[in-house]
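Peer 1: Below you will find the structure I want to go over with you.
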Amino acid sequence: MEKVAAEVGGTAGFALDEEYSEQGHDPEMTRAFEASLARVSFTDADWEAVEEHDGVAYVLSRPMRAFTMPPELMRPMLLGVSREALALTAALLQSGATAVKNESNGITHGRERWLSLADEAVAATTDDELAGVLYRATVKRPISTGELLYSCGMHLLGAPDVELVATPTTNDEVEDCVTLMDTLAMYLLTDERAAEMADGEGFRLTEDSPRWLLHHYPDDRHESDDIFYNPLGYWRLTPA
């Protein structure tokens, strides 16, 4: 694992954390994966791999200071690190690791899903296409508070997270909410006009779709030293 981390993740300074990595079974690991949206893409083989693991390895990047950079430098740098993290994930799985979870956003995917996303990132031919792959790999959503839905992980891509004031009760309604959140998130990641958005502006999927109002809020859901904390805050969508 240490060799793979150094060879594949060298640019971002990925390295094995020897202090917390350990041999042996961690009885809390199954629950940790369950809390990380594993059910979305995990197969029986993935669950078996987690339940029967005989060691846990933590891989860290070097400290990131991207948020002190100008925006035009920050996002490309973070997208590059996220692309490298995805490539490293695939390399680890192909070198003996049986399951991978990202601690910086609380998300995991099944083995085949991770490998598929890594292949898509390699095949991406435009910045927007790559951003879409990294978004699907990196951003956990929808997370529900009971009163609204929100995402976690956009800080790893250099953009605000997204909130949606909605309480869906059916699978179709959840899918509609995710589509709305994803559309706004991709706008934030790929459209230069997103930097000019202001509180109270409207947002809709199409000309005939319902109109939503945009409001920006700081990330007061997490402490500033929390690994989930997004210093760029949230854009919240509320019904117009």
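Ordered as shown in the structure tokens, chains take letters A, B, and onward, while each chain numbers its residues from 1 and ligands are numbered from 1 in the order shown.
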Any chance you could list, as a PyMOL selection string, the residues in stretch 134-181 of chain A that come up alpha helix (DSSP H) when DSSP is run on the backbone?
Peer 2: chain A and resi 134-138+171-181
Peer 1: Generate a file of the selected residues that holds C-alpha atoms, formatted as a PDB file, in the first residue's frame.
Peer 2:
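Printed below is out_17.pdb as written:
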ATOM      1  CA  LEU A 134     -15.091  13.838 -10.068  1.00  0.00           C
ATOM      2  CA  TYR A 135     -18.393  15.218  -8.813  1.00  0.00           C
ATOM      3  CA  ARG A 136     -20.013  11.782  -8.984  1.00  0.00           C
ATOM      4  CA  ALA A 137     -16.992  10.220  -7.303  1.00  0.00           C
ATOM      5  CA  THR A 138     -16.522  12.833  -4.599  1.00  0.00           C
ATOM      6  CA  ASN A 171     -38.246   7.712  -4.788  1.00  0.00           C
ATOM      7  CA  ASP A 172     -39.302   9.780  -7.797  1.00  0.00           C
ATOM      8  CA  GLU A 173     -39.333  12.934  -5.686  1.00  0.00           C
ATOM      9  CA  VAL A 174     -35.883  12.111  -4.314  1.00  0.00           C
ATOM     10  CA  GLU A 175     -34.555  11.632  -7.850  1.00  0.00           C
ATOM     11  CA  ASP A 176     -36.037  14.974  -8.905  1.00  0.00           C
ATOM     12  CA  CYS A 177     -34.353  16.661  -5.940  1.00  0.00           C
ATOM     13  CA  VAL A 178     -31.005  15.056  -6.739  1.00  0.00           C
ATOM     14  CA  THR A 179     -31.282  16.187 -10.365  1.00  0.00           C
ATOM     15  CA  LEU A 180     -31.864  19.757  -9.217  1.00  0.00           C
ATOM     16  CA  MET A 181     -28.962  19.639  -6.760  1.00  0.00           C
TER      17      MET A 181
END
Peer 1: Dump as CSV the rows for residues of stretch 87-144 of chain A within 9 Å of stretch 47-62 of chain A: closest atom pair and distance in Å with one decimal, only C-alpha atoms counted, ordered by chain and rising residue number.
Peer 2:
residue,atom,partner,partner_atom,distance
A:Ala97,CA,A:Ala57,CA,9.0
A:Thr98,CA,A:Ala49,CA,5.7
A:Ala99,CA,A:Val50,CA,6.5
A:Gly110,CA,A:Trp47,CA,8.7
Peer 1: Sort by chain and increasing residue number a table of all residues of stretch 171-230 of chain A within 10 Å of stretch 128-133 of chain A, each with its closest pair of atoms and their distance in Å to one decimal, counting only C-alpha atoms, and write it as JSON lines.
Peer 2:
{"residue": "A:Asp182", "atom": "CA", "partner": "A:Gly132", "partner_atom": "CA", "distance": 9.5}
{"residue": "A:Ala185", "atom": "CA", "partner": "A:Gly132", "partner_atom": "CA", "distance": 9.6}
{"residue": "A:Met186", "atom": "CA", "partner": "A:Gly132", "partner_atom": "CA", "distance": 7.0}
{"residue": "A:Tyr187", "atom": "CA", "partner": "A:Asp128", "partner_atom": "CA", "distance": 9.9}
{"residue": "A:Leu189", "atom": "CA", "partner": "A:Ala131", "partner_atom": "CA", "distance": 7.0}
{"residue": "A:Thr190", "atom": "CA", "partner": "A:Asp128", "partner_atom": "CA", "distance": 5.9}
{"residue": "A:Asp191", "atom": "CA", "partner": "A:Asp128", "partner_atom": "CA", "distance": 9.0}
Peer 1: Using atom CA of A:Trp212 and atom CA of A:Ile107 as the two end points, give the distance in Å to one decimal.
Peer 2: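 Computing the Euclidean distance for atom CA of A:Trp212 and atom CA of A:Ile107 yields 27.6 Å.
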Peer 1: What gap, in Å, lies between atom CA of A:Arg113 and atom CA of A:Pro231?
Peer 2: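 Separation between atom CA of A:Arg113 and atom CA of A:Pro231: 29.0 Å.
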Peer 1: List the spatial neighbours of stretch 39-42 of chain A as a VMD selection string - criterion: any atom at most 6 Å away, only C-alpha atoms, same-chain residues fewer than 2 positions off excluded.
Peer 2: chain A and resid 37 46 109 to 110
Peer 1: Let's have the selection written as a PDB file, in the first residue's frame, with C-alpha atoms.
Peer 2:
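Everything below was put into part.pdb:
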ATOM      1  CA  LEU A  37     -23.864   5.554   1.135  1.00  0.00           C
ATOM      2  CA  ASP A  46     -18.195  -5.668  -1.400  1.00  0.00           C
ATOM      3  CA  HIS A 109     -18.530   3.248  -3.664  1.00  0.00           C
ATOM      4  CA  GLY A 110     -18.394  -0.439  -4.460  1.00  0.00           C
TER       5      GLY A 110
END
Peer 1: Using DSSP assignments from the backbone, pull out every residue in stretch 132-213 of chain A that falls under strand (DSSP E) and give it to me as number ranges by chain.
Peer 2: A: 140-144, 149-152, 161-164, 202-203, 212-213
Peer 1: What would the file look like if the residues just selected were written as a JSON list (two decimals), in the first residue's frame with N, CA and C atoms?
Peer 2:
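And here's out-v7.json as it stands now:
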[["chain", "number", "residue", "atom", "x", "y", "z"],
["A", 140, "LYS", "N", -21.09, 13.61, -1.77],
["A", 140, "LYS", "CA", -22.12, 12.79, -1.12],
["A", 140, "LYS", "C", -23.43, 13.58, -1.09],
["A", 141, "ARG", "N", -24.48, 12.99, -1.63],
["A", 141, "ARG", "CA", -25.78, 13.63, -1.67],
["A", 141, "ARG", "C", -26.83, 12.62, -2.10],
["A", 142, "PRO", "N", -28.11, 12.80, -1.71],
["A", 142, "PRO", "CA", -28.58, 13.85, -0.81],
["A", 142, "PRO", "C", -28.51, 13.38, 0.65],
["A", 143, "ILE", "N", -28.08, 14.26, 1.51],
["A", 143, "ILE", "CA", -28.09, 14.02, 2.95],
["A", 143, "ILE", "C", -29.27, 14.82, 3.51],
["A", 144, "SER", "N", -30.06, 14.21, 4.35],
["A", 144, "SER", "CA", -31.29, 14.85, 4.82],
["A", 144, "SER", "C", -31.21, 15.23, 6.29],
["A", 149, "LEU", "N", -32.31, 19.01, 2.16],
["A", 149, "LEU", "CA", -31.30, 18.09, 1.66],
["A", 149, "LEU", "C", -30.03, 18.89, 1.40],
["A", 150, "TYR", "N", -28.88, 18.25, 1.57],
["A", 150, "TYR", "CA", -27.64, 18.96, 1.31],
["A", 150, "TYR", "C", -26.57, 18.00, 0.82],
["A", 151, "SER", "N", -25.51, 18.58, 0.28],
["A", 151, "SER", "CA", -24.39, 17.79, -0.22],
["A", 151, "SER", "C", -23.17, 18.00, 0.68],
["A", 152, "CYS", "N", -22.21, 17.10, 0.54],
["A", 152, "CYS", "CA", -20.94, 17.22, 1.26],
["A", 152, "CYS", "C", -19.83, 16.73, 0.34],
["A", 161, "ASP", "N", -21.00, 23.92, -1.45],
["A", 161, "ASP", "CA", -21.95, 22.82, -1.48],
["A", 161, "ASP", "C", -23.34, 23.35, -1.79],
["A", 162, "VAL", "N", -24.30, 22.43, -1.91],
["A", 162, "VAL", "CA", -25.66, 22.77, -2.31],
["A", 162, "VAL", "C", -26.64, 22.28, -1.26],
["A", 163, "GLU", "N", -27.62, 23.12, -0.93],
["A", 163, "GLU", "CA", -28.73, 22.75, -0.07],
["A", 163, "GLU", "C", -30.03, 22.93, -0.84],
["A", 164, "LEU", "N", -31.02, 22.13, -0.47],
["A", 164, "LEU", "CA", -32.33, 22.21, -1.12],
["A", 164, "LEU", "C", -33.40, 22.08, -0.06],
["A", 202, "GLY", "N", -32.82, 33.82, -9.22],
["A", 202, "GLY", "CA", -33.62, 32.65, -9.50],
["A", 202, "GLY", "C", -32.81, 31.56, -10.19],
["A", 203, "PHE", "N", -33.30, 30.33, -10.07],
["A", 203, "PHE", "CA", -32.65, 29.19, -10.71],
["A", 203, "PHE", "C", -33.73, 28.19, -11.09],
["A", 212, "TRP", "N", -36.68, 28.45, -8.43],
["A", 212, "TRP", "CA", -36.14, 28.38, -7.09],
["A", 212, "TRP", "C", -35.31, 29.63, -6.83],
["A", 213, "LEU", "N", -35.24, 30.03, -5.56],
["A", 213, "LEU", "CA", -34.44, 31.19, -5.18],
["A", 213, "LEU", "C", -33.13, 30.73, -4.56]]
Peer 1: Quick check, in Å to one decimal: how far apart do atom CA of A:Ala38 and atom CA of A:Gly106 lie?
Peer 2: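 Atom CA of A:Gly106 lies at a distance of 10.1 Å from atom CA of A:Ala38.
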Peer 1: Mind dumping a table of every stretch 46-107 of chain A residue within 6 Å of stretch 115-124 of chain A, with the nearest atom pair and its distance in Å to one decimal, using only C-alpha atoms, sorted by chain and rising number, as a tab-separated table?
Peer 2:
residue	atom	partner	partner_atom	distance
A:Leu86	CA	A:Ala118	CA	5.8
A:Ala87	CA	A:Ala118	CA	5.8
A:Ala90	CA	A:Leu115	CA	5.4
Peer 1: Which residue, A:Ala85, A:Ala32, A:Leu188, A:Leu78, has the smallest gap to A:Ala15 when you use only C-alpha atoms?
Peer 2: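 Ranking A:Ala85, A:Ala32, A:Leu188, A:Leu78 by distance to A:Ala15, first place goes to A:Ala85.
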Peer 1: Smallest atom-to-atom distance to A:Arg236: which of A:Pro210, A:Pro70, A:Pro160, A:Thr183, using only C-alpha atoms?
Peer 2: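 Answer, going by the shortest atom-to-atom distance: A:Pro160.
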Peer 1: Taking only C-alpha atoms into account, name the residue in A:Met69, A:Leu16, A:Val100, A:Leu88 that is nearest to A:Met29.
Peer 2: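 Among the listed residues, the smallest separation from A:Met29 belongs to A:Val100.
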